[in-house]
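S.K.: Hey, dropping run22.txt in here, compact mmCIF, C-alpha atoms and all ligand atoms:
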# COMPACT_ATOMS: atom_id res chain seq x y z
CA MET A 1 139.90 74.03 126.73
CA ARG A 2 140.85 71.92 123.76
CA VAL A 3 138.35 69.27 122.71
CA GLU A 4 138.74 66.49 120.15
CA LEU A 5 135.88 64.52 118.63
CA LEU A 6 136.23 60.95 117.46
CA SER A 7 133.57 59.16 115.39
CA ILE A 8 133.76 55.41 115.19
CA GLY A 9 132.15 53.16 112.59
CA ASP A 10 132.91 51.48 109.26
CA GLU A 11 129.72 52.92 107.77
CA LEU A 12 130.95 56.46 108.50
CA VAL A 13 134.38 55.85 106.95
CA ALA A 14 132.72 54.27 103.91
CA GLY A 15 130.45 57.29 103.49
CA LEU A 16 127.29 55.21 103.91
CA SER A 17 126.18 57.22 106.97
CA LEU A 18 126.71 60.90 107.60
CA ASP A 19 128.59 61.90 110.73
CA THR A 20 125.95 64.23 112.14
CA ASN A 21 127.15 63.56 115.69
CA SER A 22 130.38 65.52 115.20
CA ALA A 23 128.55 68.52 113.73
CA TRP A 24 126.14 68.56 116.67
CA LEU A 25 128.88 67.98 119.24
CA ALA A 26 131.15 70.69 117.80
CA GLN A 27 128.39 73.28 118.15
CA ALA A 28 127.44 72.12 121.63
CA VAL A 29 131.08 72.19 122.79
CA ARG A 30 131.56 75.72 121.44
CA ARG A 31 128.42 76.94 123.24
CA LEU A 32 129.84 75.53 126.48
CA GLY A 33 133.15 77.33 126.14
CA GLY A 34 135.30 74.58 124.59
CA THR A 35 137.36 74.82 121.41
CA VAL A 36 137.12 71.85 119.07
CA ILE A 37 140.54 71.35 117.54
CA ARG A 38 140.03 68.20 115.49
CA HIS A 39 137.46 65.68 114.22
CA THR A 40 138.66 62.18 113.45
CA THR A 41 136.72 59.25 111.98
CA VAL A 42 137.96 55.67 112.18
CA GLY A 43 136.51 52.28 111.31
CA ASP A 44 135.67 49.36 113.61
CA ARG A 45 139.18 48.07 114.38
CA VAL A 46 140.59 47.99 117.90
CA GLY A 47 144.07 49.12 116.83
CA GLU A 48 142.78 52.08 114.84
CA ILE A 49 140.40 53.22 117.55
CA ALA A 50 143.04 52.84 120.28
CA GLY A 51 145.56 54.76 118.17
CA ALA A 52 143.07 57.54 117.52
CA LEU A 53 142.18 57.76 121.23
CA GLN A 54 145.86 57.93 122.19
CA ALA A 55 146.61 60.61 119.60
CA ALA A 56 143.58 62.68 120.63
CA ARG A 57 144.59 62.36 124.27
CA SER A 58 148.05 63.70 123.51
CA ARG A 59 146.60 66.92 122.01
CA ALA A 60 143.35 67.69 123.83
CA ASP A 61 142.01 68.33 127.34
CA ILE A 62 138.77 66.48 126.62
CA VAL A 63 138.05 63.71 124.09
CA VAL A 64 134.48 62.79 123.14
CA ALA A 65 134.10 59.60 121.08
CA THR A 66 130.82 58.23 119.70
CA GLY A 67 129.88 54.81 118.33
CA GLY A 68 130.94 51.22 118.69
CA LEU A 69 129.45 50.58 122.14
CA GLY A 70 126.77 48.16 120.96
CA PRO A 71 126.55 44.43 121.71
CA THR A 72 127.82 43.06 118.39
CA ALA A 73 131.29 41.78 117.52
CA ASP A 74 132.11 44.92 115.51
CA ASP A 75 131.45 47.18 118.51
CA LEU A 76 135.02 47.49 119.77
CA THR A 77 135.30 50.91 121.41
CA ARG A 78 135.40 49.49 124.95
CA GLU A 79 138.30 47.17 124.06
CA ALA A 80 140.10 50.02 122.30
CA LEU A 81 139.86 52.32 125.33
CA ALA A 82 141.17 49.53 127.56
CA GLU A 83 144.11 49.15 125.18
CA ALA A 84 144.76 52.90 124.99
CA LEU A 85 144.69 53.23 128.78
CA GLY A 86 146.57 49.99 129.37
CA CYS A 87 143.82 48.85 131.78
CA PRO A 88 141.92 45.54 131.59
CA LEU A 89 138.15 45.38 131.16
CA GLU A 90 136.00 44.26 134.05
CA GLU A 91 132.29 43.57 134.25
CA ARG A 92 130.65 46.36 136.24
CA PRO A 93 127.59 45.51 138.35
CA GLU A 94 126.16 49.03 137.98
CA ALA A 95 126.40 48.79 134.17
CA MET A 96 124.88 45.30 134.22
CA ALA A 97 122.04 46.55 136.43
CA GLN A 98 121.27 49.35 133.96
CA ILE A 99 121.24 46.97 131.00
CA GLU A 100 118.98 44.51 132.86
CA ALA A 101 116.63 47.31 133.88
CA PHE A 102 116.42 48.53 130.27
CA PHE A 103 115.54 45.06 128.97
CA ALA A 104 112.99 44.58 131.75
CA ARG A 105 111.33 47.92 130.86
CA MET A 106 111.16 46.91 127.20
CA GLY A 107 109.89 43.42 128.07
CA ARG A 108 112.77 41.91 126.08
CA ALA A 109 114.99 39.00 126.99
CA LEU A 110 118.62 39.80 127.75
CA ARG A 111 121.03 38.09 125.36
CA ASP A 112 124.55 37.02 126.26
CA SER A 113 125.97 39.54 123.79
CA ASN A 114 124.45 42.35 125.86
CA ARG A 115 126.63 41.31 128.78
CA ARG A 116 129.61 42.62 126.81
CA GLN A 117 128.14 46.10 127.19
CA ALA A 118 128.75 45.97 130.95
CA LEU A 119 132.52 45.68 130.36
CA VAL A 120 134.37 48.84 131.40
CA PRO A 121 138.14 49.51 131.73
CA VAL A 122 139.27 49.36 135.37
CA GLY A 123 139.18 52.83 136.92
CA CYS A 124 136.59 54.31 134.51
CA ASP A 125 133.04 55.40 135.41
CA VAL A 126 129.82 54.21 133.81
CA ILE A 127 127.49 56.77 132.17
CA GLU A 128 123.86 55.72 132.31
CA ASN A 129 121.96 55.41 129.03
CA PRO A 130 118.23 55.80 129.75
CA ARG A 131 117.28 55.45 126.06
CA GLY A 132 119.25 52.41 124.97
CA THR A 133 121.28 49.41 125.96
CA ALA A 134 124.79 50.83 125.57
CA PRO A 135 126.10 52.50 128.73
CA GLY A 136 128.72 55.19 128.16
CA ILE A 137 132.18 55.27 129.71
CA HIS A 138 133.99 58.18 131.38
CA ASP A 139 137.72 58.12 132.06
CA ARG A 140 138.58 60.90 134.50
CA GLY A 141 142.27 61.03 133.68
CA PRO A 142 144.37 63.46 135.70
CA GLU A 143 145.03 65.65 132.67
CA VAL A 144 142.67 64.46 129.96
CA GLU A 145 139.09 63.26 130.32
CA ILE A 146 137.70 60.79 127.80
CA PHE A 147 133.99 60.22 127.20
CA LEU A 148 132.68 57.31 125.16
CA LEU A 149 129.07 57.75 124.07
CA PRO A 150 126.82 55.59 121.85
CA GLY A 151 126.50 56.40 118.15
CA VAL A 152 122.70 56.69 118.09
CA PRO A 153 122.18 60.47 118.02
CA ALA A 154 119.25 60.65 120.46
CA GLU A 155 121.12 58.54 123.03
CA MET A 156 124.35 60.46 122.49
CA LYS A 157 122.71 63.88 122.99
CA GLU A 158 120.98 62.96 126.21
CA MET A 159 124.12 61.40 127.67
CA PHE A 160 126.25 64.36 126.54
CA ALA A 161 123.94 66.71 128.48
CA ARG A 162 124.30 64.64 131.62
CA SER A 163 127.98 63.72 131.51
CA VAL A 164 130.05 66.00 129.27
CA GLU A 165 128.18 69.28 129.65
CA PRO A 166 128.79 69.72 133.41
CA VAL A 167 132.51 69.01 132.94
CA LEU A 168 132.80 71.53 130.09
CA LEU A 169 130.94 74.18 132.08
CA GLU A 170 133.09 73.64 135.13
CA ARG A 171 136.31 73.74 133.15
CA SER A 172 135.33 76.84 131.18
CA ALA A 173 134.36 78.63 134.42
CA GLY A 174 131.67 80.69 132.72
CA ARG A 175 133.94 81.68 129.81
CA VAL A 176 131.45 80.28 127.34
CA GLY A 177 131.77 83.01 124.71
CA CYS A 178 129.03 84.00 122.30
CA ALA A 179 128.28 83.45 118.61
CA LEU A 180 125.79 84.82 116.12
CA SER A 181 125.04 84.02 112.47
CA LEU A 182 123.47 86.72 110.30
CA ARG A 183 121.76 85.48 107.12
CA CYS A 184 122.13 87.44 103.88
CA PHE A 185 120.74 87.20 100.35
CA GLY A 186 121.06 89.15 97.12
CA MET A 187 124.63 90.42 97.50
CA PRO A 188 127.54 88.59 95.83
CA GLU A 189 129.85 86.95 98.36
CA SER A 190 132.83 88.91 96.96
CA THR A 191 131.07 92.28 97.52
CA LEU A 192 130.05 91.18 100.98
CA GLY A 193 133.63 90.07 101.72
CA ASP A 194 135.01 93.43 100.56
CA ARG A 195 132.63 95.33 102.84
CA LEU A 196 133.61 93.23 105.85
CA ALA A 197 137.32 92.79 105.02
CA ASP A 198 138.63 94.61 108.10
CA LEU A 199 136.32 92.65 110.42
CA MET A 200 137.46 89.38 108.87
CA ALA A 201 141.16 89.95 109.65
CA ARG A 202 142.75 86.89 111.21
CA ASP A 203 143.28 86.95 114.98
CA ARG A 204 140.71 89.70 115.43
CA VAL A 205 138.25 89.28 118.34
CA PRO A 206 135.44 88.52 117.64
CA ARG A 207 136.22 86.33 114.63
CA VAL A 208 134.05 87.18 111.64
CA GLY A 209 133.73 84.74 108.75
CA THR A 210 131.35 84.04 105.89
CA ASN A 211 130.06 80.90 104.32
CA ALA A 212 127.64 80.38 101.46
CA SER A 213 125.09 77.61 101.27
CA GLU A 214 122.26 77.29 98.75
CA GLY A 215 122.44 80.96 97.81
CA VAL A 216 122.30 82.21 101.39
CA ILE A 217 125.46 83.77 102.79
CA SER A 218 125.95 83.51 106.53
CA VAL A 219 128.13 85.97 108.39
CA ARG A 220 129.28 84.32 111.59
CA ILE A 221 130.51 86.41 114.50
CA VAL A 222 132.25 84.41 117.23
CA ALA A 223 133.80 85.57 120.49
CA ASP A 224 135.31 82.48 122.11
CA GLY A 225 136.82 81.95 125.54
CA LEU A 226 135.43 85.11 127.14
CA ALA A 227 132.92 85.65 129.92
CA ALA A 228 129.39 85.47 128.49
CA ASP A 229 128.54 89.17 129.07
CA GLU A 230 131.76 90.47 127.64
CA ALA A 231 131.50 88.18 124.60
CA ALA A 232 127.85 89.11 123.99
CA ALA A 233 128.70 92.84 124.07
CA LEU A 234 131.50 92.35 121.50
CA VAL A 235 129.26 90.26 119.25
CA ARG A 236 126.44 92.82 119.46
CA ALA A 237 128.82 95.63 118.51
CA ASP A 238 130.01 93.70 115.43
CA GLU A 239 126.44 92.78 114.55
CA ALA A 240 125.55 96.47 114.38
CA VAL A 241 128.53 97.18 112.09
CA VAL A 242 127.71 94.23 109.80
CA ARG A 243 124.04 95.20 109.57
CA GLU A 244 124.97 98.79 108.78
CA ARG A 245 127.44 97.81 106.04
CA LEU A 246 125.27 95.14 104.40
CA GLY A 247 121.95 96.94 104.81
CA VAL A 248 118.89 95.27 103.36
CA ALA A 249 120.92 92.22 102.25
CA VAL A 250 120.70 90.96 105.87
CA PHE A 251 117.36 89.20 106.13
CA GLY A 252 117.69 87.66 109.57
CA ALA A 253 119.74 85.70 112.05
CA GLU A 254 120.28 82.10 113.18
CA GLU A 255 117.32 79.95 112.06
CA ASP A 256 115.67 82.64 109.91
CA THR A 257 114.88 81.78 106.29
CA LEU A 258 113.77 84.11 103.52
CA ALA A 259 110.26 82.77 104.03
CA THR A 260 110.22 83.55 107.76
CA ALA A 261 111.70 86.99 107.03
CA VAL A 262 108.98 87.76 104.44
CA ALA A 263 106.32 86.38 106.77
CA ARG A 264 107.50 88.69 109.56
CA GLU A 265 107.30 91.79 107.31
CA LEU A 266 103.90 90.83 105.83
CA ILE A 267 102.39 90.17 109.26
CA ALA A 268 103.82 93.41 110.69
CA ARG A 269 102.02 95.34 107.93
CA GLY A 270 98.86 93.20 107.80
CA CYS A 271 99.51 92.51 104.10
CA THR A 272 98.64 89.49 101.94
CA VAL A 273 100.35 87.77 99.03
CA SER A 274 99.54 85.29 96.26
CA THR A 275 101.75 83.53 93.70
CA ALA A 276 101.66 82.64 90.01
CA GLU A 277 104.37 80.15 89.21
CA SER A 278 105.61 78.33 86.19
CA CYS A 279 109.22 77.11 86.41
CA THR A 280 109.22 76.98 90.22
CA GLY A 281 106.18 74.64 90.16
CA GLY A 282 104.70 75.93 93.41
CA LEU A 283 107.95 76.18 95.35
CA ILE A 284 107.40 79.84 96.29
CA ALA A 285 103.94 79.00 97.64
CA LYS A 286 105.34 75.98 99.42
CA ARG A 287 108.07 77.99 101.13
CA LEU A 288 105.69 80.79 102.09
CA THR A 289 103.30 78.26 103.63
CA ASP A 290 106.07 76.31 105.38
CA VAL A 291 105.94 79.03 108.02
CA PRO A 292 103.43 78.30 110.82
CA GLY A 293 100.64 80.88 110.81
CA SER A 294 100.97 81.50 107.05
CA SER A 295 97.20 81.79 106.60
CA ALA A 296 97.58 85.32 108.01
CA TYR A 297 99.28 86.47 104.78
CA PHE A 298 99.09 83.76 102.08
CA ARG A 299 95.90 83.63 100.01
CA CYS A 300 96.52 81.40 97.02
CA GLY A 301 99.07 80.00 94.61
CA TYR A 302 98.54 79.28 90.89
CA VAL A 303 100.86 76.82 89.22
CA THR A 304 100.22 77.59 85.56
CA TYR A 305 102.81 75.37 83.96
CA ALA A 306 101.34 74.86 80.48
CA ASN A 307 100.78 77.90 78.25
CA GLU A 308 97.07 77.03 77.90
CA MET A 309 96.72 77.26 81.67
CA LYS A 310 98.48 80.63 81.72
CA GLU A 311 95.85 81.70 79.17
CA SER A 312 92.78 80.12 80.74
CA VAL A 313 93.54 80.62 84.46
CA LEU A 314 95.42 83.91 84.49
CA HIS A 315 94.27 85.30 81.14
CA VAL A 316 97.70 85.82 79.64
CA PRO A 317 96.88 86.91 76.04
CA ARG A 318 97.86 84.32 73.45
CA ASP A 319 99.46 87.09 71.36
CA LEU A 320 101.76 87.93 74.25
CA LEU A 321 102.82 84.30 74.58
CA ILE A 322 103.40 83.99 70.83
CA ALA A 323 105.26 87.28 70.49
CA HIS A 324 107.55 86.96 73.51
CA GLY A 325 107.36 83.33 74.64
CA ALA A 326 106.30 82.13 78.08
CA VAL A 327 109.73 82.94 79.51
CA SER A 328 109.69 86.70 79.07
CA GLU A 329 109.36 89.98 80.87
CA PRO A 330 105.82 90.76 79.60
CA VAL A 331 104.51 87.33 80.62
CA ALA A 332 106.05 87.56 84.10
CA ARG A 333 104.49 91.02 84.41
CA HIS A 334 101.07 89.82 83.30
CA LEU A 335 101.18 86.76 85.60
CA ALA A 336 101.96 88.91 88.66
CA GLU A 337 99.35 91.53 87.82
CA ALA A 338 96.57 89.04 87.03
CA CYS A 339 97.40 86.96 90.08
CA ARG A 340 97.19 89.98 92.38
CA SER A 341 93.83 91.14 91.06
CA GLN A 342 92.33 87.65 90.80
CA ALA A 343 93.41 86.61 94.31
CA GLY A 344 92.61 90.02 95.77
CA THR A 345 95.92 90.31 97.62
CA ASP A 346 98.13 93.29 98.37
CA PHE A 347 101.09 91.71 96.58
CA ALA A 348 101.69 88.94 94.06
CA LEU A 349 104.85 87.16 92.96
CA SER A 350 105.35 85.42 89.63
CA ALA A 351 108.09 83.23 88.21
CA THR A 352 108.69 82.04 84.67
CA GLY A 353 112.00 80.64 83.46
CA ILE A 354 114.04 77.79 82.07
CA ALA A 355 115.08 75.42 84.86
CA GLY A 356 116.77 72.97 82.48
CA PRO A 357 118.61 70.82 81.91
CA GLY A 358 116.96 70.90 78.46
CA GLY A 359 114.91 73.61 76.78
CA GLY A 360 117.55 76.35 76.57
CA THR A 361 118.29 78.35 73.40
CA PRO A 362 121.05 80.90 72.65
CA GLU A 363 118.58 83.73 73.30
CA LYS A 364 117.02 82.08 76.33
CA PRO A 365 119.60 79.84 77.98
CA VAL A 366 118.99 77.47 80.87
CA GLY A 367 118.92 79.47 84.10
CA LEU A 368 117.10 82.49 82.63
CA VAL A 369 114.25 83.46 84.96
CA PHE A 370 111.86 86.40 85.08
CA LEU A 371 110.43 87.17 88.51
CA GLY A 372 107.47 89.53 88.77
CA LEU A 373 106.26 91.51 91.75
CA ALA A 374 102.90 93.23 91.67
CA THR A 375 102.27 95.82 94.38
CA PRO A 376 99.22 98.03 94.93
CA ASP A 377 101.00 100.71 92.83
CA GLU A 378 103.04 99.01 90.13
CA VAL A 379 104.48 95.83 88.67
CA VAL A 380 108.21 95.24 88.39
CA VAL A 381 110.05 92.38 86.74
CA TYR A 382 113.51 91.21 87.73
CA ARG A 383 115.48 89.34 85.07
CA ARG A 384 117.93 86.87 86.51
CA GLN A 385 120.38 84.67 84.65
CA TRP A 386 121.57 81.93 87.00
CA SER A 387 124.91 80.30 86.33
CA ASP A 388 124.86 77.37 83.90
CA THR A 389 126.64 75.30 86.54
CA LEU A 390 123.49 75.16 88.69
CA THR A 391 121.25 72.09 88.57
CA ARG A 392 117.52 72.22 87.83
CA GLU A 393 116.82 71.88 91.54
CA GLU A 394 119.22 74.72 92.36
CA ILE A 395 117.76 77.04 89.70
CA ARG A 396 114.28 76.47 91.11
CA ASP A 397 115.49 76.96 94.69
CA ARG A 398 117.40 80.19 93.92
CA SER A 399 114.45 81.52 91.89
CA ALA A 400 112.01 80.91 94.75
CA LYS A 401 114.40 82.63 97.15
CA ALA A 402 114.99 85.58 94.82
CA ALA A 403 111.22 86.03 94.39
CA MET A 404 110.63 86.09 98.16
CA ASP A 405 113.57 88.46 98.51
CA LEU A 406 111.99 90.87 95.98
CA LEU A 407 108.92 91.09 98.15
CA ARG A 408 110.95 91.39 101.36
CA ARG A 409 113.00 94.29 99.98
CA CYS A 410 109.86 96.00 98.72
CA LEU A 411 108.17 95.71 102.12
CA LEU A 412 111.23 97.16 103.87
CA ALA A 413 111.82 99.99 101.38
CA GLY A 414 108.17 100.84 100.79
CA ARG A 415 108.74 100.43 97.04
CA PRO A 416 110.10 97.71 94.74
CA LEU A 417 113.85 97.57 95.17
CA LEU A 418 115.82 95.33 92.84
CA PRO A 419 118.93 93.72 94.36
CA SER A 420 121.34 95.82 92.26
CA GLU A 421 119.94 99.14 93.58
P1 LIG B 1 123.97 51.11 120.06
O1 LIG B 1 124.35 49.93 120.89
O2 LIG B 1 122.85 51.87 120.71
O3 LIG B 1 123.71 50.70 118.66
P2 LIG B 1 126.62 52.06 119.39
O4 LIG B 1 127.52 52.89 120.21
O5 LIG B 1 127.02 50.67 119.12
O6 LIG B 1 125.18 52.17 120.05
P3 LIG B 1 126.88 52.25 116.62
O7 LIG B 1 126.52 50.80 116.48
O8 LIG B 1 128.26 52.66 116.35
O9 LIG B 1 126.44 52.76 118.04
O10 LIG B 1 125.89 53.10 115.77
C1 LIG B 1 124.50 52.92 115.92
C2 LIG B 1 123.80 53.81 114.90
O11 LIG B 1 124.00 55.17 115.30
C3 LIG B 1 124.37 53.74 113.49
O12 LIG B 1 123.75 52.77 112.71
C4 LIG B 1 124.10 55.12 112.96
O13 LIG B 1 122.80 55.15 112.41
C5 LIG B 1 124.14 55.97 114.18
N1 LIG B 1 125.44 56.66 114.26
C6 LIG B 1 126.61 56.17 114.66
N2 LIG B 1 127.59 57.10 114.62
C7 LIG B 1 127.02 58.21 114.14
C8 LIG B 1 127.51 59.53 113.84
N3 LIG B 1 128.78 59.88 114.05
N4 LIG B 1 126.63 60.44 113.36
C9 LIG B 1 125.34 60.10 113.17
N5 LIG B 1 124.82 58.89 113.43
C10 LIG B 1 125.64 57.95 113.90
Represent the supplied structure as structure tokens.
Ligand code: ATP
M.R.:
Amino acid sequence: MRVELLSIGDELVAGLSLDTNSAWLAQAVRRLGGTVIRHTTVGDRVGEIAGALQAARSRADIVVATGGLGPTADDLTREALAEALGCPLEERPEAMAQIEAFFARMGRALRDSNRRQALVPVGCDVIENPRGTAPGIHDRGPEVEIFLLPGVPAEMKEMFARSVEPVLLERSAGRVGCALSLRCFGMPESTLGDRLADLMARDRVPRVGTNASEGVISVRIVADGLAADEAAALVRADEAVVRERLGVAVFGAEEDTLATAVARELIARGCTVSTAESCTGGLIAKRLTDVPGSSAYFRCGYVTYANEMKESVLHVPRDLLIAHGAVSEPVARHLAEACRSQAGTDFALSATGIAGPGGGTPEKPVGLVFLGLATPDEVVVYRRQWSDTLTREEIRDRSAKAAMDLLRRCLLAGRPLLPSE
């Protein structure tokens, strides 16, 4: 079942608004057994919208368009569908009744412009919009079905569930497939790709692909167009192979983050953690406490940014700071150790580095970070040189993630395990 998505609006074409509708719709369509073959975005011109609708109709079984159903003069999707279908618009009493009921509920006066929203091409059905004024339109063509939904995401989602979803489910006849994303950290994408090369062969079922975002690599396993049970069994089998080949680099699946993965391991062991941060400015503590229920494992975070505070709060010896500098292995080690004993936690993480864009030297360039992990038995320090193409924000983000990953690997292995091991 081939599905095309069409987004309508000048602000989308101009890049002033992000087309989040298409991303949401593409995922929803895939979950319901459809295959999205194309996304198109056009501005608010009848000719362009009509042309895009006609082109989509010539390629797809189902077309879902969003936007341009409002009451203003630049809302032209109704007119464009009428042109594409070669059918005139007519005012529909059921659409008018819905619009009037909405205005009555809101206690607002109906304006003449809202009457335009009751115009529907002859032969099409009206889709009720319980959250807004713009009714949707459904053309049940003999071969291709077209759905026009409002652009406002909350309205679009609710109307999709009521109008498009049942059609997709019926047409896919239970062949809704299955998909899973495994989240990985601490293994270069090229190494990961090499280990999964045979699984990633084109035309293999399930399809396996990777994509990297903000330092996290996702391995996506997709079995499309199959009965749910059969697809789930194939995806599970590939999941086991991927987990076996990537080992500890896999930290979770779907919505998991490094913080939720660390939280899970700390809670399972009844362990606690504290943080001593310099260049990450509290980001590790923030991420660890983003997880609901974090008081079970997080005790305290020190943000000792200035050297004097490293000295006075965590008792880093001045000599150490003078001899090695704040961004150094011995200082990261001391911060982690002092933090653990002062906070009375099982583990402590520390971070000291040069986030840039200024402050780098030939010996200590921007992106150099030392991450410390203190455990009940030892302290280890991981030296990481991030690429000089990363921004300050990215260096801080990757450093926070790498610190949490150090702890996660240690909890899983029962001893500190640096990513290269
Ligand atoms: P309404 O009458 O409820 O405004 P509409 O169909 O006329 O519905 P538009 O006027 O095209 O919708 O868009 C309304 C708002 O919806 C936009 O200002 C934008 O914030 C949001 N929107 C529109 N299209 C998209 C999209 N593709 N992705 C995310 N948001 C969108």
S.K.: Would you pick out the contacts of Leu85 of chain A at 12 Å or less, using all atoms listed in the file, so that residues sharing its chain but fewer than 4 positions from it are not included, and give the list as number ranges by chain?
M.R.: A: 50-51, 53-55, 57, 78-81, 89, 120-124, 139-141, 144-146
S.K.: Name the residues, by chain letter and number, that sit within 8 Å of ligand LIG 1 (chain B) using all atoms listed in the file, and give them as a ChimeraX atom specification.
M.R.: /A:7-9,11-12,17-22,66-72,75,132-134,149-153,155
S.K.: Just the selected residues (C-alpha atoms), exported as a CSV table (one decimal), in the coordinates of the input, please.
M.R.:
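Result file is part.csv:
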chain,number,residue,atom,x,y,z
A,7,SER,CA,133.6,59.2,115.4
A,8,ILE,CA,133.8,55.4,115.2
A,9,GLY,CA,132.2,53.2,112.6
A,11,GLU,CA,129.7,52.9,107.8
A,12,LEU,CA,131.0,56.5,108.5
A,17,SER,CA,126.2,57.2,107.0
A,18,LEU,CA,126.7,60.9,107.6
A,19,ASP,CA,128.6,61.9,110.7
A,20,THR,CA,126.0,64.2,112.1
A,21,ASN,CA,127.2,63.6,115.7
A,22,SER,CA,130.4,65.5,115.2
A,66,THR,CA,130.8,58.2,119.7
A,67,GLY,CA,129.9,54.8,118.3
A,68,GLY,CA,130.9,51.2,118.7
A,69,LEU,CA,129.4,50.6,122.1
A,70,GLY,CA,126.8,48.2,121.0
A,71,PRO,CA,126.6,44.4,121.7
A,72,THR,CA,127.8,43.1,118.4
A,75,ASP,CA,131.4,47.2,118.5
A,132,GLY,CA,119.2,52.4,125.0
A,133,THR,CA,121.3,49.4,126.0
A,134,ALA,CA,124.8,50.8,125.6
A,149,LEU,CA,129.1,57.8,124.1
A,150,PRO,CA,126.8,55.6,121.8
A,151,GLY,CA,126.5,56.4,118.2
A,152,VAL,CA,122.7,56.7,118.1
A,153,PRO,CA,122.2,60.5,118.0
A,155,GLU,CA,121.1,58.5,123.0
S.K.: Residues near Glu378 of chain A, anyone? I mean within 10 Å using only C-alpha atoms, not counting same-chain ones fewer than 3 positions away, as a ChimeraX atom specification.
M.R.: /A:333,337,347,373-375,415-416
S.K.: Around the point (105.9, 95.8, 99.6) (coordinates from the file), which residues reach within 9 Å if we count only C-alpha atoms? Answer as JSON, numbers by chain.
M.R.: {"A": [265, 266, 271, 346, 347, 373, 374, 375, 376, 406, 407, 408, 409, 410, 411, 412, 413, 414, 415, 416]}
S.K.: Check which residues of segment 338-407 of chain A sit at most 9 Å from segment 287-307 of chain A using all atoms listed in the file, and return one row each with the closest pair of atoms and their distance in Å to one decimal, ordered by chain and rising number, as CSV.
M.R.:
residue,atom,partner,partner_atom,distance
A:Cys339,CA,A:Tyr302,CA,7.8
A:Ala343,CA,A:Cys300,CA,6.6
A:Gly344,CA,A:Arg299,CA,8.3
A:Thr345,CA,A:Arg299,CA,7.1
A:Thr352,CA,A:Tyr305,CA,8.9
A:Ala400,CA,A:Arg287,CA,8.0
A:Lys401,CA,A:Arg287,CA,8.8
A:Met404,CA,A:Leu288,CA,8.2
S.K.: Write out, as a PDB file, in the coordinates of the input, the residues just selected, with C-alpha atoms.
M.R.:
ATOM      1  CA  CYS A 339      97.400  86.960  90.080  1.00  0.00           C
ATOM      2  CA  ALA A 343      93.410  86.610  94.310  1.00  0.00           C
ATOM      3  CA  GLY A 344      92.610  90.020  95.770  1.00  0.00           C
ATOM      4  CA  THR A 345      95.920  90.310  97.620  1.00  0.00           C
ATOM      5  CA  THR A 352     108.690  82.040  84.670  1.00  0.00           C
ATOM      6  CA  ALA A 400     112.010  80.910  94.750  1.00  0.00           C
ATOM      7  CA  LYS A 401     114.400  82.630  97.150  1.00  0.00           C
ATOM      8  CA  MET A 404     110.630  86.090  98.160  1.00  0.00           C
TER       9      MET A 404
END
S.K.: For Arg92 of chain A, work out the shell of residues within 10 Å, counting all atoms listed in the file and skipping chain neighbours fewer than 2 positions away, then give it as number ranges by chain.
M.R.: A: 89-90, 94-97, 115, 117-122, 125-126
S.K.: Which one is closest to Ser163 of chain A: A:Val205, A:Ile127, A:Ala232, A:Leu76? Count all atoms listed in the file.
M.R.: A:Ile127
S.K.: State, in Å with one decimal place, the distance from atom CA of Lys310 of chain A to atom CA of Thr275 of chain A.
M.R.: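 These atoms are spaced 12.8 Å apart.
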S.K.: Give the answer as one residue: which of A:Arg2, A:Arg162, A:Arg340, A:Arg398 has the shortest atom-to-atom distance to Thr272 of chain A, using all atoms listed in the file?
M.R.: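 Using all atoms listed in the file, the shortest distance to Thr272 of chain A belongs to A:Arg340.
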S.K.: Go through A:Leu283, A:Leu368, A:Met1, A:Met200 one by one, measure the shortest atom-to-atom distance of each to Glu170 of chain A using all atoms listed in the file, and give the residue with the smallest value.
M.R.: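 Of A:Leu283, A:Leu368, A:Met1, A:Met200, the one nearest Glu170 of chain A is A:Met1, counting all atoms listed in the file.
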S.K.: Show me, as a PyMOL selection string, the residues that have an atom within 12 Å of Val235 of chain A when counting only C-alpha atoms, minus same-chain residues fewer than 2 positions from it.
M.R.: chain A and resi 177-182+199+205-208+219-224+226+228-233+237-242
S.K.: Would you work out the distance separating atom CA of Phe370 of chain A from atom CA of Arg383 of chain A, expressed in Å to one decimal?
M.R.: 4.7 Å
S.K.: Using all atoms listed in the file, pick whichever of A:Gly15, A:Val369, A:Leu234, A:Gly186 has the shortest atom-to-atom distance to Ile217 of chain A.
M.R.: A:Gly186
S.K.: Rounded to one decimal in Å, what is the spacing between atom CA of Thr391 of chain A and atom CA of Ser278 of chain A?
M.R.: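 Value for the atom CA of Thr391 of chain A-atom CA of Ser278 of chain A distance: 17.0 Å.
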